[in-house]
Amino acid sequence: MLLILEQLLNGLQLGITLFLMSAGLTLVFGIMQVINLAHGSFYMIGAYVGATVAGHTGSFPLAVGAGVAAAMVTGCLVEFLVLRHLYAREHLDQVLATFGLIMFFNELTRVIWGRQPLFVEVPGPLARSIELLPGLPYPAYRLAVIAVGLLVAAGLWFIFARTRLGMQIRAGAVNREMIGALGVNIKLLYTLVFGLGAMLAGLAGIMAGPILAVESGMGESILILTFVVIVIGGIGSIRGAVAGALLVGMVDTLGRAFLPTILKLFLAASTADGVAASLSSMAIYILMAIVLVVKPRGLFPAHA
């Protein structure tokens, strides 16, 4: 039972990280109708800048601030210099342009930081375990990641449900021409939305730094999971991003943790390990297929 609880917490932590990634991506696609394959690059930039600042200053809060700021500034520049010229173009043009950005940013990080991975130390006060239940110690840093993600989710809900900016963003997702006719600077609004999405990706990157190695190309693997999340949750929906991220995090973590043990009840150990590895990798895609069969627009589509 304690092992199950520990894996549930691991799944929650992965889900929170995926939420930080998917919230920004689903906003950009739902509002701006832009397919941004380079979203994972902002995750990578946040991680690299945060790791560098942490290594030089020893301050993790400063690293978080620097990583988030770098990702947001980079996102705004990408929107202004590249994506702004692609809104009226076909999705294939957007895919090709943002794929080019992936290669550009991957090479840029290799030029600046080299090919060796960077490692971020867990902040001192969080470099310990907290005994949640007797016999269930859990890393304090992972609990902090969960707490940060929940705070971000609450902050996004407040922005979109209770502020004028949130109202304009929601209106822009429904009818861009109308909100532009009402006097809203739609270009500035798009830049803010894209910068917000990049900022959340950068936050996910630096928060993942003490857990994963910071290396060039690290954004691609999590980007695939992020697309699965927004398809399951519903494109353009923050509520869908929360639900989809938690589902994907749980299914992926629990599948990798327990499928080998379950299959060994029916198969030889060597066969069970091979089959479990394959099924674990497929689990989230099977989940996505099931959701799309039942609800083709995702669990919580933005404009249901």
# chains A, B, ... in the order shown; residues from 1 in each chain; ligands from 1

$ residues_around --residues "region 91-103 of chain A" --least-positions-apart "3" --cutoff "9 Å" --atoms "only C-alpha atoms" --output "PDB file with N, CA and C atoms, in the first residue's frame"
ATOM      1  N   GLN A  33      -4.465  29.716 -32.573  1.00  0.00           N
ATOM      2  CA  GLN A  33      -4.552  28.732 -33.658  1.00  0.00           C
ATOM      3  C   GLN A  33      -3.193  28.493 -34.306  1.00  0.00           C
ATOM      4  N   VAL A  34      -2.145  28.476 -33.466  1.00  0.00           N
ATOM      5  CA  VAL A  34      -0.784  28.243 -33.936  1.00  0.00           C
ATOM      6  C   VAL A  34      -0.272  26.929 -33.362  1.00  0.00           C
ATOM      7  N   ILE A  35       0.228  26.063 -34.242  1.00  0.00           N
ATOM      8  CA  ILE A  35       0.866  24.827 -33.787  1.00  0.00           C
ATOM      9  C   ILE A  35       2.330  25.136 -33.508  1.00  0.00           C
ATOM     10  N   ASN A  36       2.696  25.150 -32.236  1.00  0.00           N
ATOM     11  CA  ASN A  36       4.039  25.561 -31.836  1.00  0.00           C
ATOM     12  C   ASN A  36       4.848  24.353 -31.369  1.00  0.00           C
ATOM     13  N   LEU A  37       5.583  23.742 -32.285  1.00  0.00           N
ATOM     14  CA  LEU A  37       6.424  22.610 -31.913  1.00  0.00           C
ATOM     15  C   LEU A  37       7.619  23.034 -31.069  1.00  0.00           C
ATOM     16  N   ALA A  38       7.920  24.333 -31.046  1.00  0.00           N
ATOM     17  CA  ALA A  38       9.084  24.817 -30.303  1.00  0.00           C
ATOM     18  C   ALA A  38       8.772  25.081 -28.840  1.00  0.00           C
ATOM     19  N   HIS A  39       7.588  24.694 -28.373  1.00  0.00           N
ATOM     20  CA  HIS A  39       7.226  24.972 -26.980  1.00  0.00           C
ATOM     21  C   HIS A  39       8.204  24.297 -26.018  1.00  0.00           C
ATOM     22  N   GLY A  40       8.668  23.098 -26.380  1.00  0.00           N
ATOM     23  CA  GLY A  40       9.631  22.415 -25.528  1.00  0.00           C
ATOM     24  C   GLY A  40      10.957  23.148 -25.424  1.00  0.00           C
ATOM     25  N   SER A  41      11.263  23.996 -26.403  1.00  0.00           N
ATOM     26  CA  SER A  41      12.514  24.763 -26.350  1.00  0.00           C
ATOM     27  C   SER A  41      12.484  25.783 -25.217  1.00  0.00           C
ATOM     28  N   VAL A  78      10.116  35.279 -30.083  1.00  0.00           N
ATOM     29  CA  VAL A  78       9.712  34.311 -31.113  1.00  0.00           C
ATOM     30  C   VAL A  78       8.369  34.697 -31.709  1.00  0.00           C
ATOM     31  N   VAL A  82       8.743  35.755 -35.506  1.00  0.00           N
ATOM     32  CA  VAL A  82       8.446  34.609 -36.375  1.00  0.00           C
ATOM     33  C   VAL A  82       6.952  34.341 -36.485  1.00  0.00           C
ATOM     34  N   LEU A  83       6.321  34.022 -35.370  1.00  0.00           N
ATOM     35  CA  LEU A  83       4.954  33.509 -35.435  1.00  0.00           C
ATOM     36  C   LEU A  83       3.933  34.553 -35.859  1.00  0.00           C
ATOM     37  N   LEU A  86       2.867  34.212 -39.295  1.00  0.00           N
ATOM     38  CA  LEU A  86       2.353  32.903 -39.713  1.00  0.00           C
ATOM     39  C   LEU A  86       0.894  32.682 -39.334  1.00  0.00           C
ATOM     40  N   TYR A  87       0.254  33.661 -38.687  1.00  0.00           N
ATOM     41  CA  TYR A  87      -1.116  33.449 -38.219  1.00  0.00           C
ATOM     42  C   TYR A  87      -2.067  33.131 -39.370  1.00  0.00           C
ATOM     43  N   ASN A 106      18.248  24.098 -30.102  1.00  0.00           N
ATOM     44  CA  ASN A 106      19.097  22.986 -29.669  1.00  0.00           C
ATOM     45  C   ASN A 106      20.569  23.270 -29.974  1.00  0.00           C
ATOM     46  N   GLU A 107      20.824  23.773 -31.165  1.00  0.00           N
ATOM     47  CA  GLU A 107      22.210  24.095 -31.518  1.00  0.00           C
ATOM     48  C   GLU A 107      22.723  25.281 -30.707  1.00  0.00           C
ATOM     49  N   LEU A 108      21.849  26.245 -30.448  1.00  0.00           N
ATOM     50  CA  LEU A 108      22.256  27.420 -29.664  1.00  0.00           C
ATOM     51  C   LEU A 108      22.686  27.008 -28.260  1.00  0.00           C
ATOM     52  N   GLY A 217      18.024  19.353 -26.280  1.00  0.00           N
ATOM     53  CA  GLY A 217      17.010  18.435 -26.798  1.00  0.00           C
ATOM     54  C   GLY A 217      16.072  17.887 -25.745  1.00  0.00           C
ATOM     55  N   GLY A 219      13.611  19.159 -24.412  1.00  0.00           N
ATOM     56  CA  GLY A 219      12.223  19.588 -24.569  1.00  0.00           C
ATOM     57  C   GLY A 219      11.389  18.696 -25.462  1.00  0.00           C
ATOM     58  N   GLU A 220      12.034  17.900 -26.331  1.00  0.00           N
ATOM     59  CA  GLU A 220      11.261  17.119 -27.304  1.00  0.00           C
ATOM     60  C   GLU A 220      10.459  15.997 -26.661  1.00  0.00           C
TER      61      GLU A 220
END

$ residues_around --residues "Val248 (chain A)" --least-positions-apart "4" --cutoff "7 Å" --atoms "only C-alpha atoms" --output "PyMOL selection string"
chain A and resi 15+229+244+252+284

$ closest_atom_pairs --of "region 10-46 of chain A" --to "region 153-158 of chain A" --cutoff "10 Å" --atoms "only C-alpha atoms" --output "CSV"
residue,atom,partner,partner_atom,distance
A:Ile16,CA,A:Ala153,CA,9.2
A:Phe19,CA,A:Ala153,CA,8.4
A:Leu20,CA,A:Ala153,CA,8.4
A:Ala23,CA,A:Ala153,CA,8.8

$ closest_residue --among "A:Ala283, A:Val275, A:Ile230, A:Leu151" --to "Leu254 (chain A)" --atoms "only C-alpha atoms"
A:Ala283

$ atom_distance --atom1 "CA of Leu9 (chain A)" --atom2 "CA of Phe42 (chain A)"
25.9 Å

$ residues_around --residues "Ala201 (chain A)" --least-positions-apart "6" --cutoff "12 Å" --atoms "only C-alpha atoms" --output "JSON list (two decimals) with C-alpha atoms, in the first residue's frame"
[["chain", "number", "residue", "atom", "x", "y", "z"],
["A", 16, "ILE", "CA", 1.94, 18.86, -12.34],
["A", 17, "THR", "CA", 5.02, 19.27, -14.55],
["A", 18, "LEU", "CA", 2.98, 18.31, -17.61],
["A", 19, "PHE", "CA", 0.29, 20.78, -16.58],
["A", 20, "LEU", "CA", 2.81, 23.64, -16.50],
["A", 21, "MET", "CA", 3.82, 22.68, -20.04],
["A", 22, "SER", "CA", 0.35, 21.97, -21.42],
["A", 23, "ALA", "CA", -1.36, 25.05, -19.96],
["A", 24, "GLY", "CA", 0.76, 27.37, -22.08],
["A", 25, "LEU", "CA", 0.60, 25.23, -25.20],
["A", 26, "THR", "CA", -3.18, 24.78, -25.06],
["A", 38, "ALA", "CA", 9.08, 24.82, -30.30],
["A", 39, "HIS", "CA", 7.23, 24.97, -26.98],
["A", 40, "GLY", "CA", 9.63, 22.41, -25.53],
["A", 41, "SER", "CA", 12.51, 24.76, -26.35],
["A", 42, "PHE", "CA", 11.22, 27.27, -23.79],
["A", 43, "TYR", "CA", 11.22, 24.44, -21.24],
["A", 44, "MET", "CA", 14.85, 23.77, -22.15],
["A", 45, "ILE", "CA", 15.85, 27.45, -22.03],
["A", 46, "GLY", "CA", 14.27, 27.87, -18.59],
["A", 47, "ALA", "CA", 16.17, 24.82, -17.36],
["A", 64, "VAL", "CA", 13.68, 30.19, -10.85],
["A", 67, "GLY", "CA", 14.74, 30.83, -15.90],
["A", 68, "VAL", "CA", 11.17, 32.06, -16.01],
["A", 69, "ALA", "CA", 12.20, 35.51, -17.25],
["A", 70, "ALA", "CA", 14.50, 34.08, -19.94],
["A", 71, "ALA", "CA", 11.78, 31.76, -21.23],
["A", 72, "MET", "CA", 9.19, 34.54, -21.29],
["A", 74, "THR", "CA", 12.45, 34.32, -25.62],
["A", 75, "GLY", "CA", 8.79, 33.46, -26.17],
["A", 149, "GLY", "CA", 1.91, 23.58, -9.68],
["A", 152, "VAL", "CA", 0.00, 28.16, -10.64],
["A", 194, "PHE", "CA", 2.51, 33.53, -25.99],
["A", 195, "GLY", "CA", 4.86, 34.98, -23.37],
["A", 207, "MET", "CA", 11.55, 22.93, -11.53],
["A", 208, "ALA", "CA", 12.54, 19.73, -13.37],
["A", 219, "GLY", "CA", 12.22, 19.59, -24.57],
["A", 222, "ILE", "CA", 8.16, 16.15, -22.78],
["A", 223, "LEU", "CA", 6.58, 17.95, -25.75],
["A", 226, "THR", "CA", 2.28, 17.61, -23.61]]

$ select_by_dssp --residues "region 53-241 of chain A" --states "strand (DSSP E or B)" --output "PyMOL selection string"
chain A and resi 118+129-133+136-139+214

$ closest_residue --among "A:Met167, A:Leu225, A:Ala54, A:Ile211" --to "Ala241 (chain A)" --atoms "only C-alpha atoms"
A:Leu225

$ residues_around --residues "Val122 (chain A)" --least-positions-apart "5" --cutoff "12 Å" --atoms "only C-alpha atoms" --output "list in words"
Ala51, Ala54, Gly55, Gly58, Ser59, Phe60, Pro61, Ala63, Ala127, Arg128, Ser129, Pro139, Ala140, Tyr141, Arg142, Ala144, Val145, Ile206, Met207, Ala208, Gly209, Pro210, Ile211 and Leu212 of chain A

$ closest_residue --among "A:Leu118, A:Met1, A:Ile31, A:Leu287" --to "Ser216 (chain A)" --atoms "only C-alpha atoms"
A:Leu118

$ select_by_dssp --residues "region 10-240 of chain A" --states "helix (DSSP H, G or I)" --output "ChimeraX atom specification"
/A:10-32,39-57,60-81,83-85,91-113,124-126,140-162,164-174,176-181,186-208,218-233,238-240

$ residues_around --residues "Gly274 (chain A)" --least-positions-apart "3" --cutoff "12 Å" --atoms "only C-alpha atoms" --output "NGL selection string"
:A and (256 or 259-261 or 263-264 or 267-271 or 277-281)

$ write_last_selection --atoms "N, CA and C atoms" --output "CSV table (one decimal), in the first residue's frame"
chain,number,residue,atom,x,y,z
A,256,ARG,N,4.4,2.1,-15.6
A,256,ARG,CA,5.8,1.7,-15.5
A,256,ARG,C,6.2,1.0,-14.2
A,259,LEU,N,3.1,-2.6,-14.0
A,259,LEU,CA,2.8,-3.6,-15.0
A,259,LEU,C,3.8,-4.8,-15.0
A,260,PRO,N,5.1,-4.6,-14.8
A,260,PRO,CA,6.0,-5.8,-14.8
A,260,PRO,C,5.5,-6.8,-13.7
A,261,THR,N,5.2,-6.3,-12.5
A,261,THR,CA,4.8,-7.2,-11.4
A,261,THR,C,3.5,-7.9,-11.8
A,263,LEU,N,2.2,-8.6,-14.8
A,263,LEU,CA,2.4,-9.5,-15.9
A,263,LEU,C,3.2,-10.7,-15.5
A,264,LYS,N,4.0,-10.6,-14.5
A,264,LYS,CA,4.8,-11.7,-14.0
A,264,LYS,C,3.9,-12.8,-13.3
A,267,LEU,N,3.1,-14.5,-16.9
A,267,LEU,CA,4.1,-14.8,-17.9
A,267,LEU,C,5.5,-15.0,-17.3
A,268,ALA,N,6.4,-15.6,-18.0
A,268,ALA,CA,7.7,-15.7,-17.5
A,268,ALA,C,8.4,-14.4,-17.3
A,269,ALA,N,9.3,-14.3,-16.3
A,269,ALA,CA,9.8,-13.0,-15.9
A,269,ALA,C,10.4,-12.2,-17.1
A,270,SER,N,11.3,-12.9,-17.9
A,270,SER,CA,11.9,-12.1,-19.0
A,270,SER,C,10.9,-11.6,-20.0
A,271,THR,N,9.9,-12.5,-20.3
A,271,THR,CA,8.8,-12.1,-21.2
A,271,THR,C,8.0,-10.9,-20.6
A,277,ALA,N,7.4,-3.3,-20.6
A,277,ALA,CA,8.0,-2.1,-21.1
A,277,ALA,C,7.3,-1.5,-22.3
A,278,SER,N,6.9,-2.4,-23.2
A,278,SER,CA,6.1,-2.0,-24.4
A,278,SER,C,4.8,-1.4,-24.0
A,279,LEU,N,4.0,-2.1,-23.2
A,279,LEU,CA,2.7,-1.6,-22.8
A,279,LEU,C,2.8,-0.3,-22.0
A,280,SER,N,3.8,-0.2,-21.2
A,280,SER,CA,4.0,1.1,-20.4
A,280,SER,C,4.2,2.3,-21.3
A,281,SER,N,5.0,2.1,-22.4
A,281,SER,CA,5.2,3.1,-23.3
A,281,SER,C,3.9,3.5,-24.1

$ atom_distance --atom1 "CA of Ala272 (chain A)" --atom2 "CA of Gly11 (chain A)"
22.4 Å

$ decode --residues "region 23-111 of chain A" --atoms "C-alpha atoms" --output "tab-separated table (two decimals), in the first residue's frame"
chain	number	residue	atom	x	y	z
A	23	ALA	CA	-1.36	25.05	-19.96
A	24	GLY	CA	0.76	27.37	-22.08
A	25	LEU	CA	0.60	25.23	-25.20
A	26	THR	CA	-3.18	24.78	-25.06
A	27	LEU	CA	-3.64	28.54	-24.61
A	28	VAL	CA	-1.47	29.30	-27.65
A	29	PHE	CA	-3.21	26.79	-29.86
A	30	GLY	CA	-6.72	27.46	-28.56
A	31	ILE	CA	-6.47	31.24	-28.82
A	32	MET	CA	-3.93	31.87	-31.57
A	33	GLN	CA	-4.55	28.73	-33.66
A	34	VAL	CA	-0.78	28.24	-33.94
A	35	ILE	CA	0.87	24.83	-33.79
A	36	ASN	CA	4.04	25.56	-31.84
A	37	LEU	CA	6.42	22.61	-31.91
A	38	ALA	CA	9.08	24.82	-30.30
A	39	HIS	CA	7.23	24.97	-26.98
A	40	GLY	CA	9.63	22.41	-25.53
A	41	SER	CA	12.51	24.76	-26.35
A	42	PHE	CA	11.22	27.27	-23.79
A	43	TYR	CA	11.22	24.44	-21.24
A	44	MET	CA	14.85	23.77	-22.15
A	45	ILE	CA	15.85	27.45	-22.03
A	46	GLY	CA	14.27	27.87	-18.59
A	47	ALA	CA	16.17	24.82	-17.36
A	48	TYR	CA	19.52	25.93	-18.80
A	49	VAL	CA	19.33	29.52	-17.58
A	50	GLY	CA	18.06	28.41	-14.18
A	51	ALA	CA	20.83	25.81	-13.85
A	52	THR	CA	23.46	28.40	-14.79
A	53	VAL	CA	22.21	30.97	-12.29
A	54	ALA	CA	21.89	28.34	-9.57
A	55	GLY	CA	25.45	27.18	-10.22
A	56	HIS	CA	26.88	30.71	-10.02
A	57	THR	CA	24.82	32.13	-7.14
A	58	GLY	CA	23.77	29.07	-5.17
A	59	SER	CA	20.28	30.60	-4.92
A	60	PHE	CA	17.43	28.49	-6.26
A	61	PRO	CA	14.82	31.32	-6.02
A	62	LEU	CA	17.09	33.48	-8.20
A	63	ALA	CA	17.45	30.56	-10.59
A	64	VAL	CA	13.68	30.19	-10.85
A	65	GLY	CA	13.24	33.91	-11.51
A	66	ALA	CA	15.98	33.97	-14.14
A	67	GLY	CA	14.74	30.83	-15.90
A	68	VAL	CA	11.17	32.06	-16.01
A	69	ALA	CA	12.20	35.51	-17.25
A	70	ALA	CA	14.50	34.08	-19.94
A	71	ALA	CA	11.78	31.76	-21.23
A	72	MET	CA	9.19	34.54	-21.29
A	73	VAL	CA	11.47	37.00	-23.10
A	74	THR	CA	12.45	34.32	-25.62
A	75	GLY	CA	8.79	33.46	-26.17
A	76	CYS	CA	7.83	37.09	-26.78
A	77	LEU	CA	10.70	37.50	-29.26
A	78	VAL	CA	9.71	34.31	-31.11
A	79	GLU	CA	6.12	35.50	-31.35
A	80	PHE	CA	7.16	38.97	-32.56
A	81	LEU	CA	9.84	37.88	-35.02
A	82	VAL	CA	8.45	34.61	-36.37
A	83	LEU	CA	4.95	33.51	-35.43
A	84	ARG	CA	3.27	36.86	-35.96
A	85	HIS	CA	3.88	36.39	-39.68
A	86	LEU	CA	2.35	32.90	-39.71
A	87	TYR	CA	-1.12	33.45	-38.22
A	88	ALA	CA	-2.78	33.59	-41.61
A	89	ARG	CA	-0.70	30.76	-43.05
A	90	GLU	CA	-1.56	27.07	-43.12
A	91	HIS	CA	-0.68	24.84	-40.19
A	92	LEU	CA	1.99	23.10	-42.28
A	93	ASP	CA	3.91	26.38	-42.53
A	94	GLN	CA	3.68	26.81	-38.76
A	95	VAL	CA	4.90	23.26	-38.19
A	96	LEU	CA	7.89	23.73	-40.49
A	97	ALA	CA	8.81	27.10	-38.97
A	98	THR	CA	8.58	25.93	-35.36
A	99	PHE	CA	10.45	22.70	-36.19
A	100	GLY	CA	13.22	24.92	-37.53
A	101	LEU	CA	13.16	26.80	-34.22
A	102	ILE	CA	13.67	23.52	-32.36
A	103	MET	CA	16.87	22.83	-34.29
A	104	PHE	CA	18.01	26.46	-33.86
A	105	PHE	CA	17.55	26.45	-30.08
A	106	ASN	CA	19.10	22.99	-29.67
A	107	GLU	CA	22.21	24.09	-31.52
A	108	LEU	CA	22.26	27.42	-29.66
A	109	THR	CA	22.32	25.65	-26.30
A	110	ARG	CA	25.18	23.43	-27.50
A	111	VAL	CA	27.13	26.51	-28.59
